[in-house]
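Notes for the one structure printed next.
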Amino acid sequence: MEKFIRHTGVGVPLRRSNVDTDQIIPAVYLKRVSRTGFEDALFAAWRGDESFILNQPAFRHGSVLVAGSDFGTGSSREHAVWALKDYGFKAVLSSRFADIFRGNSGKQGLLTGELAQSDIELIWKVLENAPGTEVTVDLEQRQVRCGDVVAPMQVDDYTRWRLMEGLDDIGLTSRHVDAIADFEASRPTHKPRTLV
Amino acid sequence: MGKTLAEKVWDAHVVRRAEGEPDLLYIDLHLVHEVTSPQAFEGLRLAGREVRRPDLTIATEDHNTPTVDIDKPIADITSRTQIETLRRNCQEFGVRLHPLGDAEQGIVHVVGPQLGLTQPGLTVVCGDSHTSTHGAFGALAFGIGTSEVEHVLATQTLPLRPFKTMAINVEGALRQGTTAKDIILAVIAKIGTGGGQGYVLEYRGEAIRSLSMEARMTICNMSIEAGARAGMIAPDQTTFDYIQGRPHAPQDKDWDAALEYWKTLRTDDDAVFDAEVTIDATELEPFVTWGTNPGQGLPLSSSVPDPESMADESERAAALRALEYMDLQPGTPLREIAVDTVFIGSCTNGRIEDLRAAAAVIKGRRKAESVRVLVVPGSFRVRAQAESEGLDQVFKDFGAEWRHAGCSMCLGMNPDQLAPGERSASTSNRNFEGRQGKGGRTHLVSPLVAAATSVRGTLSSPADLETSAT
């Protein structure tokens with residue numbers, strides 16, 4: 001996984017709360033068996049609308065999505081993260097993320113930074129008043145900078161460390177294979193097995 | 001201080017705990033389906049890894065399977081490729097699979113409990129957010145993403161931070177005509193779609209205790225719609241009776257040992273929840289959603305709300321947008337909303353009791369002419385059971401389409417979809433924009449409301465049929 005320390009790119013204000021993963025990527029795009037190539041599927045239903053934010057030239061090449069609260073609710077589809085990444089997003093900022101989406105993002109190196117809703121509103125104003133303004137997401141400093149706005153960003157210590165080191169979870173867990181084997185040896189026999 | 005049910009199950013599965021790191025949690029049961037697994041298996045292959053515990057893993061085909069002509073090749077090539085990919089992966093990695101047409105095929109969350117694999121005190125995961133369903137047995141069950149699917153396949157563990165705990169007390173007895181679906185829709189409306197974020201919900205109280213296992217599954221199923229990754233109900237005699245005798249239920253001495261353990265799986269009297277919510281079941285009515293998230297719901301006797309009356313700015317903006325998408329006017333009685341399609345099925349309400357409840361309402365009637373009615377059993381066995389009881393004939397005589405098992409119109413991945421602008425009353429779990437087909441409009445309802453709605457053509461409860469019949 002690529003290391004994430006800080007990123008600067010065009011900010012995209014998405015003034016919507018409760019953006020569920022069905023909106024991020026509709027189910028019809030989940031039939032593919034690859035892990036890449038989902039950029040066309042991102043916000044597919046909304047992109048048909050010319051006024052949608054990503055259809056505006058100033059935002060088309062955005063890489064920092066600044067969204068309303070409860071981003072990524074609903075379905076566990078990791079395709080939502082792949083679609084955001086494939087489109088070119090490196091970070092999503094919101095005052096609240098759905099648990100599964102945040103977990104999926106962390107595994108894929110997409111930063112989900114939690115900001116106060118008041119800071120999200122300030123950044124939205126900057127981006128709307130001057131479309132194309134860049135946002136700096138500084139994971140090392142746990143800070144977001146955009147125009148005059150400097151906002152603290154919450155990311156838990158472990159996720160921050162993993163992202164900054166670019167570490168892969170399976171590799172980390174595999175270091176504890178002995179502990180897993182010990183645990184398995186102590187499992188009760190009444191637990192079910194799928195193969196008999 | 002005592003522990004909550006969720007904490008007991010969590011603590012019994014910690015493989016490794018270290019300061020500043022997530023706990024490494026052991027997974028007892030991993031359910032797999034065709035949509036969220038191909039990239040995980042591919043990851044294993046690329047890294048030269050194996051499935052660590054195929055004996056704790058089981059796969060079924062459900063999300064993307066057709067519900068008609070299941071004996072013919074799947075027409076959509078990408079869908080067929082996805083199904084074939086699962087079959088190939090299961091064969092290569094030694095994972096048990098129940099493919100389309102198999103007697104144990106069905107929606108993954110219907111199949112697990114049906115086989116007796118879902119048991120109290122287990123950790124259960126699946127690349128599907130409605131894995132919370134299995135919490136009805138007192139298991140800690142939650143949805144995961146594809147990277148986590150790969151992680152569990154490779155290590156049978158997951159690194160996770162402990163959840164907070166929330167008690168949902170549902171006190172009093174439900175009134176006639178009110179069901180588990182109405183309880184959970186009311187809970188979500190009360191705490192909001194983000195209210196459960198970071199929590200495991202434990203449903204408690206008289207109304208919960210008196211529910212059947214299937215009704216409990218309906219409740220736990222929709223925990224995710226309140227933002228909670230998992231929902232749980234402490235196991236009791238209802239749970240034990242449901243499991244006993246199923247194909248994977250423990251036998252003999254193992255049954256005794258299991259039962260002894262299962263009886264310890266309840267929240268201690270002196271345990272403290274991080275949050276508590278109380279709902280009065282005696283006041284509940286049939287509940288329906290009017291908006292585009294499952295928290296936007298009201299009793300059926302209400303009218304479409306007026307966004308201008310909402311104090312919270314973001315709630316108001318969301319409601320305005322929802323009403324525009326749903327093409328609804330504030331003040332319209334919910335009972336006057338006409339639907340084009342009624343969908344009865346899904347992991348929320350696609351089990352035999354749901355089909356029985358719906359069939360009892362429609363028996364001897366004809367569907368409203370303007371309405372298409374789709375009945376999709378949750379599994380092959382549910383379908384067979386319904387047929388043995390003659391329910392299929394009841395639905396067919398009514399004018400409904402009797403389909404094969406799968407997720408179907410719940411998520412509109414297979415051809416069972418709403419057309420743009422079409423409106424449904426659906427027993428499923430999500431009313432998101434476009435969820436059941438691009439431009440489709442969804443009202444979430446119980447099987448009873450779905451059935452009554454298919455008779456009258458507008459959102460209705462069975463009580464409305466009695467008044468209109470006289």
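Letters for chains follow the order of the structure tokens (A, B, ...), residue numbers begin at 1 for each chain, and ligand numbers begin at 1 in the order shown.
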
Segment 149-166 of chain A environment, 6 Å, only C-alpha atoms, sequence neighbours closer than 2 positions dropped, as an MDAnalysis selection string: chainID A and resid 1:5 113:115 142:147

Keeping C-alpha atoms, export the residues of the selection given above as a short mmCIF file (atom, residue, chain, number, x, y, z; two decimals), in the first residue's frame.
data_model
loop_
_atom_site.label_atom_id
_atom_site.label_comp_id
_atom_site.auth_asym_id
_atom_site.auth_seq_id
_atom_site.Cartn_x
_atom_site.Cartn_y
_atom_site.Cartn_z
CA MET A 1 0.00 0.00 0.00
CA GLU A 2 1.22 3.50 -0.86
CA LYS A 3 2.24 5.64 2.12
CA PHE A 4 0.02 8.61 2.96
CA ILE A 5 1.69 11.48 4.81
CA GLY A 113 -10.59 12.48 8.04
CA GLU A 114 -13.15 13.52 10.63
CA LEU A 115 -13.67 17.28 10.98
CA ARG A 142 -3.65 15.79 11.76
CA GLN A 143 -4.71 19.01 10.11
CA VAL A 144 -6.65 20.24 7.07
CA ARG A 145 -5.77 23.55 5.42
CA CYS A 146 -7.89 25.29 2.81
CA GLY A 147 -7.69 29.03 2.09
#

Report task. Check segment 10-182 of chain A with DSSP on the backbone and list each residue it calls helix (DSSP H, G or I), as number ranges by chain. Result -> A: 21-24, 27-31, 39-41, 44-47, 53-55, 79-87, 99-108, 117-129, 157-165, 169-174, 177-182

- [ ] Identify all chain B residues at most 6 Å from chain A by counting only C-alpha atoms; ligands do not count. Present them as a list of chain:residue names.
- [x] B:Pro38, B:Gln39, B:Asp55, B:Leu56, B:Thr78, B:Ser79, B:Leu117, B:Asp128, B:Ser129, B:Gly145, B:Thr146, B:His151, B:Pro250, B:Asp254, B:Ala258, B:Met413

Please list as a PyMOL selection string every residue within 8 Å of Gly421 of chain B, counting only C-alpha atoms and excluding residues in the same chain fewer than 3 positions away. chain B and resi 418+439-441

Quick one: write out the picked residues with all heavy atoms as a PDB file, in the first residue's frame?
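The resulting file, again_12.pdb, is shown below:
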ATOM      1  N   LEU B 418     -36.990  -1.883 -10.277  1.00  0.00           N
ATOM      2  CA  LEU B 418     -38.016  -0.895 -10.565  1.00  0.00           C
ATOM      3  C   LEU B 418     -37.572  -0.113 -11.802  1.00  0.00           C
ATOM      4  O   LEU B 418     -36.387   0.118 -12.006  1.00  0.00           O
ATOM      5  CB  LEU B 418     -38.171   0.083  -9.403  1.00  0.00           C
ATOM      6  CG  LEU B 418     -38.699  -0.456  -8.076  1.00  0.00           C
ATOM      7  CD1 LEU B 418     -38.779   0.680  -7.051  1.00  0.00           C
ATOM      8  CD2 LEU B 418     -40.072  -1.102  -8.256  1.00  0.00           C
ATOM      9  N   GLY B 439     -33.780   5.464 -10.423  1.00  0.00           N
ATOM     10  CA  GLY B 439     -34.981   6.300 -10.436  1.00  0.00           C
ATOM     11  C   GLY B 439     -36.163   5.690  -9.706  1.00  0.00           C
ATOM     12  O   GLY B 439     -37.230   6.297  -9.621  1.00  0.00           O
ATOM     13  N   GLY B 440     -36.005   4.487  -9.155  1.00  0.00           N
ATOM     14  CA  GLY B 440     -37.085   3.832  -8.425  1.00  0.00           C
ATOM     15  C   GLY B 440     -37.293   4.473  -7.063  1.00  0.00           C
ATOM     16  O   GLY B 440     -36.368   5.031  -6.477  1.00  0.00           O
ATOM     17  N   ARG B 441     -38.536   4.378  -6.562  1.00  0.00           N
ATOM     18  CA  ARG B 441     -38.876   4.989  -5.270  1.00  0.00           C
ATOM     19  C   ARG B 441     -39.393   3.909  -4.339  1.00  0.00           C
ATOM     20  O   ARG B 441     -40.327   3.187  -4.696  1.00  0.00           O
ATOM     21  CB  ARG B 441     -39.948   6.060  -5.466  1.00  0.00           C
ATOM     22  CG  ARG B 441     -39.511   7.164  -6.407  1.00  0.00           C
ATOM     23  CD  ARG B 441     -40.651   8.099  -6.729  1.00  0.00           C
ATOM     24  NE  ARG B 441     -40.168   9.207  -7.539  1.00  0.00           N
ATOM     25  CZ  ARG B 441     -40.761   9.635  -8.653  1.00  0.00           C
ATOM     26  NH1 ARG B 441     -41.860   9.057  -9.089  1.00  0.00           N
ATOM     27  NH2 ARG B 441     -40.255  10.649  -9.324  1.00  0.00           N
TER      28      ARG B 441
END

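Considering the residues A:Leu14, A:His7, A:Ala41, A:Arg60 and counting only C-alpha atoms, Gly132 of chain A has its shortest atom-to-atom contact with A:Arg60.
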
>> Using DSSP secondary structure from the backbone, list all strand (DSSP E or B) positions within segment 226-419 of chain B, as an MDAnalysis selection string.
In response: chainID B and resid 230:232 275:280 287:289 297:299 303 333 338 341:345 372:376 379 401:402

Write out as a PyMOL selection string the residues lying within 10 Å of Ala275 of chain B, counting only C-alpha atoms and excluding same-chain residues fewer than 6 positions away.
chain B and resi 164-168+196+199+201

Please report the interatomic distance between atom CA of Ala12 of chain B and atom CA of Thr239 of chain B in Å with one decimal.
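Spanning atom CA of Ala12 of chain B to atom CA of Thr239 of chain B is a straight-line distance of 20.2 Å.
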